[in-house]
>>> print(open('work.cif').read())   # mmCIF, N, CA and C atoms
data_data
loop_
_atom_site.label_atom_id
_atom_site.label_comp_id
_atom_site.auth_asym_id
_atom_site.auth_seq_id
_atom_site.Cartn_x
_atom_site.Cartn_y
_atom_site.Cartn_z
N MET A 285 84.99 96.50 107.63
CA MET A 285 85.35 95.45 108.57
C MET A 285 86.07 96.10 109.76
N ARG A 286 85.76 95.64 110.94
CA ARG A 286 86.39 96.14 112.17
C ARG A 286 87.81 95.56 112.31
N PRO A 287 88.69 96.27 113.02
CA PRO A 287 90.06 95.78 113.22
C PRO A 287 90.14 94.39 113.84
N ALA A 288 89.23 94.08 114.77
CA ALA A 288 89.24 92.74 115.38
C ALA A 288 88.99 91.68 114.32
N GLU A 289 88.13 91.99 113.35
CA GLU A 289 87.88 91.04 112.26
C GLU A 289 89.11 90.90 111.37
N TYR A 290 89.78 92.03 111.08
CA TYR A 290 91.03 91.96 110.30
C TYR A 290 92.03 91.06 111.03
N LEU A 291 92.14 91.24 112.34
CA LEU A 291 93.09 90.46 113.13
C LEU A 291 92.77 88.97 113.04
N GLN A 292 91.50 88.61 113.13
CA GLN A 292 91.11 87.21 113.04
C GLN A 292 91.38 86.62 111.67
N ARG A 293 91.16 87.39 110.63
CA ARG A 293 91.29 86.88 109.25
C ARG A 293 92.71 86.94 108.70
N ALA A 294 93.54 87.80 109.26
CA ALA A 294 94.90 87.96 108.76
C ALA A 294 95.74 86.72 109.05
N ASP A 295 96.69 86.44 108.16
CA ASP A 295 97.64 85.36 108.40
C ASP A 295 98.71 85.80 109.40
N ALA A 296 98.90 87.12 109.52
CA ALA A 296 99.81 87.67 110.52
C ALA A 296 99.44 89.14 110.75
N ALA A 297 99.78 89.63 111.93
CA ALA A 297 99.62 91.04 112.27
C ALA A 297 100.94 91.49 112.88
N VAL A 298 101.55 92.52 112.29
CA VAL A 298 102.88 92.95 112.71
C VAL A 298 102.97 94.47 112.77
N VAL A 299 103.99 94.93 113.47
CA VAL A 299 104.39 96.34 113.44
C VAL A 299 105.82 96.35 112.94
N GLY A 300 106.07 97.19 111.93
CA GLY A 300 107.42 97.27 111.38
C GLY A 300 107.73 98.64 110.84
N ARG A 301 109.01 98.95 110.78
CA ARG A 301 109.48 100.22 110.21
C ARG A 301 109.88 99.98 108.75
N LEU A 302 109.30 100.77 107.85
CA LEU A 302 109.61 100.63 106.43
C LEU A 302 111.03 101.10 106.18
N ILE A 303 111.84 100.23 105.58
CA ILE A 303 113.23 100.59 105.32
C ILE A 303 113.55 100.71 103.83
N ALA A 304 112.75 100.09 102.96
CA ALA A 304 113.02 100.19 101.52
C ALA A 304 111.82 99.74 100.72
N VAL A 305 111.71 100.29 99.51
CA VAL A 305 110.70 99.87 98.55
C VAL A 305 111.43 99.58 97.25
N THR A 306 111.24 98.37 96.72
CA THR A 306 111.91 97.94 95.49
C THR A 306 110.86 97.61 94.44
N PRO A 307 110.82 98.34 93.31
CA PRO A 307 109.85 98.04 92.25
C PRO A 307 110.07 96.63 91.70
N ARG A 308 108.98 95.95 91.41
CA ARG A 308 108.99 94.62 90.79
C ARG A 308 108.07 94.67 89.59
N GLY A 309 108.54 95.26 88.50
CA GLY A 309 107.71 95.45 87.31
C GLY A 309 106.91 96.74 87.44
N GLN A 310 105.96 96.93 86.54
CA GLN A 310 105.18 98.16 86.51
C GLN A 310 104.10 98.21 87.58
N LEU A 311 103.63 97.06 88.03
CA LEU A 311 102.47 97.04 88.91
C LEU A 311 102.77 96.73 90.37
N ARG A 312 103.85 96.07 90.67
CA ARG A 312 104.11 95.60 92.03
C ARG A 312 105.42 96.15 92.58
N ALA A 313 105.54 96.07 93.90
CA ALA A 313 106.79 96.45 94.57
C ALA A 313 106.93 95.60 95.83
N ASP A 314 108.17 95.44 96.26
CA ASP A 314 108.47 94.77 97.52
C ASP A 314 108.77 95.85 98.56
N TYR A 315 108.07 95.78 99.68
CA TYR A 315 108.24 96.72 100.78
C TYR A 315 108.97 95.98 101.89
N ARG A 316 110.11 96.50 102.32
CA ARG A 316 110.92 95.84 103.35
C ARG A 316 110.73 96.56 104.68
N TYR A 317 110.37 95.78 105.69
CA TYR A 317 110.13 96.29 107.03
C TYR A 317 111.04 95.60 108.02
N ARG A 318 111.56 96.36 108.98
CA ARG A 318 112.24 95.75 110.12
C ARG A 318 111.17 95.59 111.20
N LEU A 319 110.92 94.34 111.58
CA LEU A 319 109.83 94.05 112.50
C LEU A 319 110.14 94.52 113.92
N LYS A 320 109.14 95.17 114.51
CA LYS A 320 109.23 95.62 115.91
C LYS A 320 108.38 94.73 116.81
N ARG A 321 107.24 94.27 116.29
CA ARG A 321 106.33 93.41 117.06
C ARG A 321 105.61 92.46 116.10
N VAL A 322 105.28 91.28 116.61
CA VAL A 322 104.46 90.31 115.88
C VAL A 322 103.29 89.97 116.81
N TYR A 323 102.07 90.27 116.37
CA TYR A 323 100.90 90.09 117.23
C TYR A 323 100.10 88.83 116.93
N GLY A 324 100.07 88.40 115.70
CA GLY A 324 99.25 87.24 115.39
C GLY A 324 99.78 86.50 114.19
N GLY A 325 99.65 85.19 114.22
CA GLY A 325 100.09 84.37 113.09
C GLY A 325 101.56 84.56 112.81
N GLY A 326 101.91 84.36 111.56
CA GLY A 326 103.29 84.61 111.15
C GLY A 326 104.30 83.70 111.80
N ASP A 327 104.02 82.39 111.81
CA ASP A 327 104.98 81.45 112.37
C ASP A 327 106.36 81.74 111.78
N GLY A 328 107.32 81.89 112.63
CA GLY A 328 108.68 82.14 112.18
C GLY A 328 109.03 83.62 112.11
N LEU A 329 108.04 84.52 112.16
CA LEU A 329 108.33 85.95 112.17
C LEU A 329 108.74 86.36 113.58
N LYS A 330 109.79 87.19 113.66
CA LYS A 330 110.22 87.63 114.98
C LYS A 330 110.80 89.04 114.93
N ARG A 331 110.81 89.66 116.08
CA ARG A 331 111.30 91.02 116.23
C ARG A 331 112.73 91.15 115.71
N GLY A 332 112.99 92.25 114.98
CA GLY A 332 114.32 92.50 114.44
C GLY A 332 114.53 91.95 113.04
N GLN A 333 113.71 91.03 112.63
CA GLN A 333 113.80 90.40 111.31
C GLN A 333 113.39 91.40 110.23
N ILE A 334 113.96 91.24 109.03
CA ILE A 334 113.52 92.01 107.86
C ILE A 334 112.43 91.19 107.18
N LEU A 335 111.27 91.80 106.98
CA LEU A 335 110.13 91.14 106.33
C LEU A 335 109.87 91.83 105.00
N VAL A 336 109.75 91.03 103.94
CA VAL A 336 109.42 91.56 102.61
C VAL A 336 107.94 91.32 102.35
N VAL A 337 107.22 92.39 102.03
CA VAL A 337 105.79 92.33 101.77
C VAL A 337 105.54 92.82 100.35
N ARG A 338 104.87 92.03 99.55
CA ARG A 338 104.54 92.41 98.17
C ARG A 338 103.23 93.18 98.16
N SER A 339 103.21 94.29 97.41
CA SER A 339 102.01 95.10 97.30
C SER A 339 102.02 95.79 95.94
N ALA A 340 100.97 96.52 95.68
CA ALA A 340 100.90 97.33 94.45
C ALA A 340 101.94 98.45 94.54
N ARG A 341 102.30 98.99 93.39
CA ARG A 341 103.25 100.11 93.33
C ARG A 341 102.57 101.46 93.44
N GLN A 342 101.35 101.56 92.95
CA GLN A 342 100.66 102.84 92.85
C GLN A 342 99.60 102.99 93.93
N THR A 343 99.47 104.19 94.45
CA THR A 343 98.46 104.49 95.47
C THR A 343 97.07 104.16 94.97
N ALA A 344 96.77 104.47 93.70
CA ALA A 344 95.44 104.21 93.15
C ALA A 344 95.10 102.72 93.12
N ALA A 345 96.11 101.87 93.21
CA ALA A 345 95.90 100.42 93.21
C ALA A 345 95.99 99.84 94.62
N CYS A 346 95.79 100.68 95.63
CA CYS A 346 95.80 100.26 97.05
C CYS A 346 97.18 99.86 97.56
N ALA A 347 98.22 100.52 97.05
CA ALA A 347 99.58 100.24 97.52
C ALA A 347 99.76 100.61 98.97
N LEU A 348 100.74 100.01 99.60
CA LEU A 348 101.12 100.37 100.97
C LEU A 348 101.74 101.77 100.99
N PRO A 349 101.71 102.44 102.12
CA PRO A 349 102.38 103.74 102.24
C PRO A 349 103.87 103.58 102.00
N ARG A 350 104.50 104.62 101.45
CA ARG A 350 105.90 104.54 101.04
C ARG A 350 106.83 105.43 101.87
N HIS A 351 106.42 105.88 103.03
CA HIS A 351 107.25 106.77 103.85
C HIS A 351 108.29 105.95 104.60
N ARG A 352 109.52 106.01 104.11
CA ARG A 352 110.60 105.24 104.74
C ARG A 352 110.88 105.75 106.14
N GLN A 353 111.29 104.85 106.98
CA GLN A 353 111.62 105.07 108.38
C GLN A 353 110.39 105.32 109.25
N LYS A 354 109.20 105.24 108.68
CA LYS A 354 107.98 105.36 109.46
C LYS A 354 107.54 103.96 109.89
N THR A 355 106.92 103.87 111.05
CA THR A 355 106.48 102.60 111.59
C THR A 355 104.99 102.41 111.32
N TYR A 356 104.62 101.22 110.85
CA TYR A 356 103.24 100.89 110.48
C TYR A 356 102.81 99.60 111.15
N GLY A 357 101.53 99.51 111.44
CA GLY A 357 100.91 98.25 111.80
C GLY A 357 100.33 97.66 110.53
N LEU A 358 100.47 96.36 110.33
CA LEU A 358 100.02 95.71 109.10
C LEU A 358 99.30 94.40 109.39
N PHE A 359 98.19 94.22 108.70
CA PHE A 359 97.53 92.92 108.65
C PHE A 359 97.98 92.28 107.34
N LEU A 360 98.55 91.08 107.40
CA LEU A 360 99.17 90.45 106.24
C LEU A 360 98.44 89.18 105.81
N ALA A 361 98.55 88.89 104.53
CA ALA A 361 98.09 87.61 103.98
C ALA A 361 99.32 86.88 103.46
N TYR A 362 99.29 85.57 103.53
CA TYR A 362 100.38 84.76 102.99
C TYR A 362 99.84 84.00 101.79
N THR A 363 100.31 84.39 100.61
CA THR A 363 99.82 83.77 99.37
C THR A 363 100.99 83.51 98.43
N GLY A 364 101.00 82.35 97.83
CA GLY A 364 102.04 82.05 96.85
C GLY A 364 103.45 82.13 97.40
N GLN A 365 103.64 81.73 98.62
CA GLN A 365 104.95 81.70 99.28
C GLN A 365 105.51 83.09 99.55
N ARG A 366 104.63 84.10 99.66
CA ARG A 366 105.10 85.44 100.03
C ARG A 366 104.03 86.17 100.81
N TRP A 367 104.47 87.14 101.59
CA TRP A 367 103.56 87.99 102.35
C TRP A 367 103.05 89.10 101.44
N THR A 368 101.75 89.39 101.56
CA THR A 368 101.14 90.46 100.77
C THR A 368 100.28 91.33 101.68
N ALA A 369 100.07 92.57 101.23
CA ALA A 369 99.20 93.50 101.97
C ALA A 369 98.86 94.67 101.05
N GLY A 370 97.89 95.45 101.49
CA GLY A 370 97.49 96.67 100.79
C GLY A 370 97.07 97.70 101.82
N ILE A 371 96.70 98.85 101.34
CA ILE A 371 96.35 99.96 102.23
C ILE A 371 95.23 99.60 103.19
N CYS A 372 94.33 98.74 102.81
CA CYS A 372 93.22 98.36 103.71
C CYS A 372 93.72 97.62 104.95
N GLY A 373 94.92 97.07 104.89
CA GLY A 373 95.47 96.33 106.01
C GLY A 373 96.46 97.13 106.84
N VAL A 374 96.45 98.46 106.70
CA VAL A 374 97.35 99.31 107.47
C VAL A 374 96.60 99.88 108.67
N ILE A 375 97.24 99.84 109.82
CA ILE A 375 96.65 100.34 111.06
C ILE A 375 97.75 101.01 111.87
N ALA A 376 97.39 102.02 112.65
CA ALA A 376 98.37 102.67 113.52
C ALA A 376 98.90 101.63 114.52
N PRO A 377 100.21 101.63 114.77
CA PRO A 377 100.79 100.64 115.68
C PRO A 377 100.11 100.59 117.05
N ARG A 378 99.77 101.74 117.63
CA ARG A 378 99.10 101.75 118.93
C ARG A 378 97.71 101.14 118.85
N ARG A 379 97.03 101.37 117.75
CA ARG A 379 95.70 100.77 117.59
C ARG A 379 95.80 99.26 117.43
N LEU A 380 96.81 98.80 116.70
CA LEU A 380 97.00 97.35 116.56
C LEU A 380 97.27 96.73 117.93
N TRP A 381 98.11 97.38 118.72
CA TRP A 381 98.39 96.89 120.08
C TRP A 381 97.09 96.78 120.86
N ALA A 382 96.26 97.81 120.81
CA ALA A 382 94.99 97.82 121.56
C ALA A 382 94.05 96.73 121.07
N VAL A 383 93.96 96.55 119.76
CA VAL A 383 93.08 95.52 119.20
C VAL A 383 93.59 94.13 119.60
N ALA A 384 94.89 93.91 119.50
CA ALA A 384 95.45 92.61 119.86
C ALA A 384 95.24 92.33 121.35
N ARG A 385 95.42 93.34 122.16
CA ARG A 385 95.22 93.19 123.60
C ARG A 385 93.76 92.87 123.91
N SER A 386 92.84 93.62 123.31
CA SER A 386 91.41 93.38 123.52
C SER A 386 90.99 92.02 122.98
N HIS A 387 91.53 91.68 121.83
CA HIS A 387 91.19 90.41 121.19
C HIS A 387 91.63 89.24 122.07
N SER A 388 92.83 89.34 122.62
CA SER A 388 93.32 88.25 123.46
C SER A 388 92.52 88.14 124.76
N ALA A 389 91.90 89.27 125.15
CA ALA A 389 91.06 89.26 126.35
C ALA A 389 89.62 88.88 126.03
N GLY A 390 89.33 88.68 124.73
CA GLY A 390 88.00 88.28 124.31
C GLY A 390 87.00 89.41 124.20
N ALA A 391 87.50 90.67 124.19
CA ALA A 391 86.59 91.81 124.15
C ALA A 391 86.38 92.38 122.76
N GLY A 392 87.14 91.90 121.75
CA GLY A 392 87.02 92.50 120.42
C GLY A 392 87.74 93.83 120.41
N GLY A 393 87.55 94.63 119.35
CA GLY A 393 88.20 95.92 119.27
C GLY A 393 87.38 96.88 118.45
N SER A 394 87.59 98.16 118.68
CA SER A 394 86.81 99.14 117.94
C SER A 394 87.68 100.21 117.31
N ALA A 395 89.00 100.06 117.35
CA ALA A 395 89.87 101.05 116.71
C ALA A 395 89.78 100.93 115.21
N GLY A 396 89.99 102.03 114.51
CA GLY A 396 89.82 102.04 113.06
C GLY A 396 91.08 101.73 112.29
N VAL A 397 90.93 101.18 111.09
CA VAL A 397 92.01 100.99 110.15
C VAL A 397 91.77 101.93 108.99
N SER A 398 92.75 102.02 108.09
CA SER A 398 92.57 102.84 106.90
C SER A 398 91.32 102.42 106.16
N SER A 399 90.57 103.39 105.70
CA SER A 399 89.35 103.05 104.98
C SER A 399 89.65 102.79 103.51
N CYS A 400 88.92 101.87 102.92
CA CYS A 400 89.04 101.60 101.50
C CYS A 400 87.78 100.89 101.04
N ALA A 401 87.56 100.94 99.75
CA ALA A 401 86.36 100.28 99.20
C ALA A 401 86.57 98.78 99.17
N SER A 402 85.51 98.03 99.40
CA SER A 402 85.58 96.57 99.35
C SER A 402 85.16 96.07 98.00
#
>>> encode(input="work.cif", output="structure tokens")
Amino acid sequence: MRPAEYLQRADAAVVGRLIAVTPRGQLRADYRYRLKRVYGGGDGLKRGQILVVRSARQTAACALPRHRQKTYGLFLAYTGQRWTAGICGVIAPRRLWAVARSHSAGAGGSAGVSSCAS
């Protein structure tokens, strides 16, 4: 799927700096990001806010990257009263900016996101 399609289908698109990862059982973890930008959806999300995103704990299960203090672009889903994401929804912040800019201009986007099996 192209990034413009991810942007259209996502419940929110954000850029945030990972500040903590908290395990939630053997399979899941909560990833805490300080938001830098909100590009789409996410009513109530705003810059500077701490956002908790639930994802898998293990890389083999499509977990989010765990490099603290690094900034990521994320396409998010809102399910069960929480934000969720996986590695397929990770995009470089500059690419997300370009896709959002192109999308708002009606041109679509061609920048790549992390590859993963569907």
>>> atom_distance(input="work.cif", atom1="atom C of Arg338 (chain A)", atom2="atom C of Leu311 (chain A)")
8.6 Å
>>> resolve_selection(input="work.cif", expression="the PyMOL selection byres ((chain A and resi 305) around 6.5)", output="MDAnalysis selection string")
chainID A and resid 303:304 306:307 313:316
>>> atom_distance(input="work.cif", atom1="CA of Leu335 (chain A)", atom2="atom C of Ala382 (chain A)")
22.5 Å
>>> closest_residue(input="work.cif", among="A:Val322, A:Ala297, A:Cys372, A:Leu291", to="Leu358 (chain A)", atoms="only C-alpha atoms")
A:Ala297
>>> closest_residue(input="work.cif", among="A:Ala369, A:Leu380, A:Ala296, A:Leu360", to="Gly328 (chain A)", atoms="only C-alpha atoms")
A:Ala296
>>> resolve_selection(input="work.cif", expression="the PyMOL selection byres ((chain A and resi 295) around 6)", output="list of chain:residue names")
A:Arg293, A:Ala294, A:Ala296, A:Ala297, A:Gly324, A:Gly325, A:Gly326, A:Leu360, A:Ala361, A:Tyr362
